[in-house]
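For reference, the structure is listed below as C-alpha cells.
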Amino acid sequence: MVPGGLSDQDRVVLALESGGGQPRGGAKERRIREELHMSPTRYYQLLNALLDDPAALRHDPVTVNRLRRVRDERRAQR
C-alpha cells in the first residue's frame with residue numbers, strides 16, 4: 001500500500017462495486033471468494049471502511065458517493 005493511498009485489494013473492491021449491473025444469484029459472492037479470497041462478510045466490512053476513506057473518494061468518487069448514498073438511505077430506514 002502507498003502511504004495515504006489505497007492497497008491493490010482496496011482498488012479491486014472498488015472496481016468490483018463500480019462494475020455496472022450487479023450479478024444475481026450469488027454470482028457476486030462467488031466472485032468475492034474466488035477473486036479476492038475472502039468471505040463476503042469480510043468484503044463488506046472492507047467496503048464499508050473504504051466508504052469513509054478519503055483516498056477511496058479521490059480514487060473513485062462516483063462509486064464511493066453512490067455507495068454512501070445507498071448506505072445512508074438504508075440507515076435512515078432503520
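Naming works like this for the C-alpha cells: A, B, ... for the chains as they're shown, residue 1 at the start of each chain, ligands 1 onward in shown order.
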**Message:** Which residues are close to Val13 (chain A), i.e. within 10 Å by only C-alpha atoms, leaving aside same-chain residues fewer than 2 positions away? Reply as number ranges by chain.
**Reply:** A: 7-11, 15-18, 32, 36, 43-44, 46-47, 50
Selection export as a short mmCIF file (atom, residue, chain, number, x, y, z; two decimals), in the first residue's frame, atoms kept: all heavy atoms:
data_model
loop_
_atom_site.label_atom_id
_atom_site.label_comp_id
_atom_site.auth_asym_id
_atom_site.auth_seq_id
_atom_site.Cartn_x
_atom_site.Cartn_y
_atom_site.Cartn_z
N SER A 7 -4.58 0.19 -1.14
CA SER A 7 -3.89 -1.05 -1.48
C SER A 7 -4.47 -1.59 -2.79
O SER A 7 -5.54 -1.16 -3.25
CB SER A 7 -4.08 -2.08 -0.37
OG SER A 7 -5.43 -2.53 -0.34
N ASP A 8 -3.78 -2.55 -3.36
CA ASP A 8 -4.30 -3.21 -4.56
C ASP A 8 -5.66 -3.84 -4.27
O ASP A 8 -6.57 -3.79 -5.10
CB ASP A 8 -3.33 -4.27 -5.07
CG ASP A 8 -2.05 -3.66 -5.65
OD1 ASP A 8 -2.06 -2.48 -6.03
OD2 ASP A 8 -1.04 -4.39 -5.71
N GLN A 9 -5.79 -4.44 -3.09
CA GLN A 9 -7.05 -5.07 -2.69
C GLN A 9 -8.17 -4.03 -2.62
O GLN A 9 -9.29 -4.29 -3.07
CB GLN A 9 -6.88 -5.78 -1.36
CG GLN A 9 -8.11 -6.54 -0.92
CD GLN A 9 -7.89 -7.23 0.42
OE1 GLN A 9 -7.43 -6.61 1.37
NE2 GLN A 9 -8.21 -8.50 0.47
N ASP A 10 -7.87 -2.86 -2.06
CA ASP A 10 -8.87 -1.79 -1.98
C ASP A 10 -9.35 -1.40 -3.38
O ASP A 10 -10.54 -1.22 -3.62
CB ASP A 10 -8.30 -0.56 -1.28
CG ASP A 10 -7.96 -0.79 0.17
OD1 ASP A 10 -8.48 -1.75 0.77
OD2 ASP A 10 -7.16 0.01 0.71
N ARG A 11 -8.42 -1.29 -4.30
CA ARG A 11 -8.76 -0.91 -5.68
C ARG A 11 -9.64 -1.98 -6.34
O ARG A 11 -10.57 -1.65 -7.07
CB ARG A 11 -7.50 -0.70 -6.51
CG ARG A 11 -6.67 0.49 -6.08
CD ARG A 11 -5.42 0.58 -6.96
NE ARG A 11 -4.30 1.20 -6.32
CZ ARG A 11 -4.14 2.50 -6.11
NH1 ARG A 11 -5.06 3.32 -6.47
NH2 ARG A 11 -3.07 2.98 -5.53
N ALA A 15 -13.37 -1.52 -7.77
CA ALA A 15 -13.63 -1.89 -9.16
C ALA A 15 -14.80 -2.86 -9.27
O ALA A 15 -15.63 -2.74 -10.17
CB ALA A 15 -12.38 -2.49 -9.79
N LEU A 16 -14.87 -3.80 -8.35
CA LEU A 16 -15.98 -4.76 -8.35
C LEU A 16 -17.31 -4.03 -8.13
O LEU A 16 -18.31 -4.34 -8.77
CB LEU A 16 -15.77 -5.83 -7.28
CG LEU A 16 -16.81 -6.94 -7.18
CD1 LEU A 16 -16.88 -7.72 -8.49
CD2 LEU A 16 -16.47 -7.88 -6.04
N GLU A 17 -17.31 -3.04 -7.26
CA GLU A 17 -18.53 -2.29 -6.98
C GLU A 17 -18.90 -1.34 -8.12
O GLU A 17 -20.07 -1.02 -8.29
CB GLU A 17 -18.39 -1.50 -5.69
CG GLU A 17 -18.40 -2.36 -4.46
CD GLU A 17 -19.69 -3.14 -4.29
OE1 GLU A 17 -20.78 -2.58 -4.52
OE2 GLU A 17 -19.61 -4.32 -3.92
N SER A 18 -17.94 -0.89 -8.88
CA SER A 18 -18.24 0.05 -9.96
C SER A 18 -18.54 -0.65 -11.28
O SER A 18 -18.84 0.01 -12.26
CB SER A 18 -17.06 1.01 -10.16
OG SER A 18 -15.94 0.32 -10.66
N ILE A 32 -16.31 -12.79 -5.11
CA ILE A 32 -15.58 -12.32 -3.92
C ILE A 32 -14.70 -13.44 -3.39
O ILE A 32 -13.51 -13.23 -3.12
CB ILE A 32 -16.56 -11.82 -2.84
CG1 ILE A 32 -17.23 -10.53 -3.29
CG2 ILE A 32 -15.85 -11.63 -1.51
CD1 ILE A 32 -18.44 -10.11 -2.46
N LEU A 36 -11.00 -12.58 -4.67
CA LEU A 36 -10.40 -11.84 -3.56
C LEU A 36 -9.97 -12.75 -2.41
O LEU A 36 -9.31 -12.29 -1.48
CB LEU A 36 -11.37 -10.78 -3.05
CG LEU A 36 -11.78 -9.72 -4.06
CD1 LEU A 36 -12.82 -8.79 -3.46
CD2 LEU A 36 -10.57 -8.94 -4.53
N TYR A 43 -15.51 -8.88 3.00
CA TYR A 43 -15.57 -7.96 1.86
C TYR A 43 -16.41 -6.73 2.19
O TYR A 43 -15.98 -5.60 1.97
CB TYR A 43 -16.16 -8.69 0.65
CG TYR A 43 -16.43 -7.81 -0.53
CD1 TYR A 43 -15.45 -7.52 -1.45
CD2 TYR A 43 -17.71 -7.27 -0.73
CE1 TYR A 43 -15.71 -6.71 -2.55
CE2 TYR A 43 -17.98 -6.46 -1.82
CZ TYR A 43 -16.97 -6.18 -2.72
OH TYR A 43 -17.23 -5.37 -3.80
N TYR A 44 -17.60 -6.96 2.75
CA TYR A 44 -18.48 -5.83 3.05
C TYR A 44 -17.95 -4.99 4.20
O TYR A 44 -18.18 -3.78 4.24
CB TYR A 44 -19.91 -6.31 3.29
CG TYR A 44 -20.55 -6.75 2.00
CD1 TYR A 44 -20.84 -8.08 1.75
CD2 TYR A 44 -20.83 -5.83 0.98
CE1 TYR A 44 -21.40 -8.49 0.55
CE2 TYR A 44 -21.39 -6.22 -0.22
CZ TYR A 44 -21.67 -7.55 -0.43
OH TYR A 44 -22.21 -7.95 -1.63
N LEU A 46 -14.72 -4.43 4.67
CA LEU A 46 -13.69 -3.65 3.99
C LEU A 46 -14.32 -2.55 3.14
O LEU A 46 -13.88 -1.39 3.17
CB LEU A 46 -12.82 -4.56 3.12
CG LEU A 46 -11.72 -3.92 2.31
CD1 LEU A 46 -10.73 -3.18 3.20
CD2 LEU A 46 -11.00 -4.97 1.47
N LEU A 47 -15.36 -2.89 2.40
CA LEU A 47 -16.05 -1.91 1.57
C LEU A 47 -16.60 -0.77 2.42
O LEU A 47 -16.44 0.41 2.08
CB LEU A 47 -17.17 -2.58 0.78
CG LEU A 47 -18.04 -1.65 -0.06
CD1 LEU A 47 -17.21 -0.92 -1.11
CD2 LEU A 47 -19.17 -2.44 -0.70
N LEU A 50 -13.91 1.51 3.38
CA LEU A 50 -13.45 2.30 2.24
C LEU A 50 -14.36 3.51 1.98
O LEU A 50 -13.89 4.55 1.53
CB LEU A 50 -13.39 1.43 0.98
CG LEU A 50 -12.19 0.52 0.85
CD1 LEU A 50 -12.38 -0.44 -0.31
CD2 LEU A 50 -10.92 1.33 0.69
#
**Request:** Determine which residues of chain A DSSP labels as helix (DSSP H, G or I) from the backbone of this structure, then write them out as a PyMOL selection string.
**Result:** chain A and resi 8-18+27-36+40-51+54-59+61-77
**Item:** Non-local contacts of Leu14 (chain A) (10 Å; only C-alpha atoms; under 6 positions in same chain excluded) as a ChimeraX atom specification
**Value:** /A:47,50-51,56,59-60,63-64
Just write the chosen residues, C-alpha atoms, as an mmCIF file, in the first residue's frame.
data_model
loop_
_atom_site.group_PDB
_atom_site.id
_atom_site.type_symbol
_atom_site.label_atom_id
_atom_site.label_comp_id
_atom_site.auth_asym_id
_atom_site.auth_seq_id
_atom_site.Cartn_x
_atom_site.Cartn_y
_atom_site.Cartn_z
ATOM 1 C CA LEU A 47 -16.047 -1.905 1.573
ATOM 2 C CA LEU A 50 -13.453 2.301 2.238
ATOM 3 C CA LEU A 51 -16.558 4.473 2.020
ATOM 4 C CA ALA A 56 -11.073 5.896 -1.855
ATOM 5 C CA HIS A 59 -9.719 7.244 -6.417
ATOM 6 C CA ASP A 60 -13.354 6.651 -7.463
ATOM 7 C CA THR A 63 -18.728 4.830 -6.894
ATOM 8 C CA VAL A 64 -17.933 5.961 -3.350
#
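Between CA of Ala76 (chain A) and CA of Leu57 (chain A) the separation is 22.0 Å.
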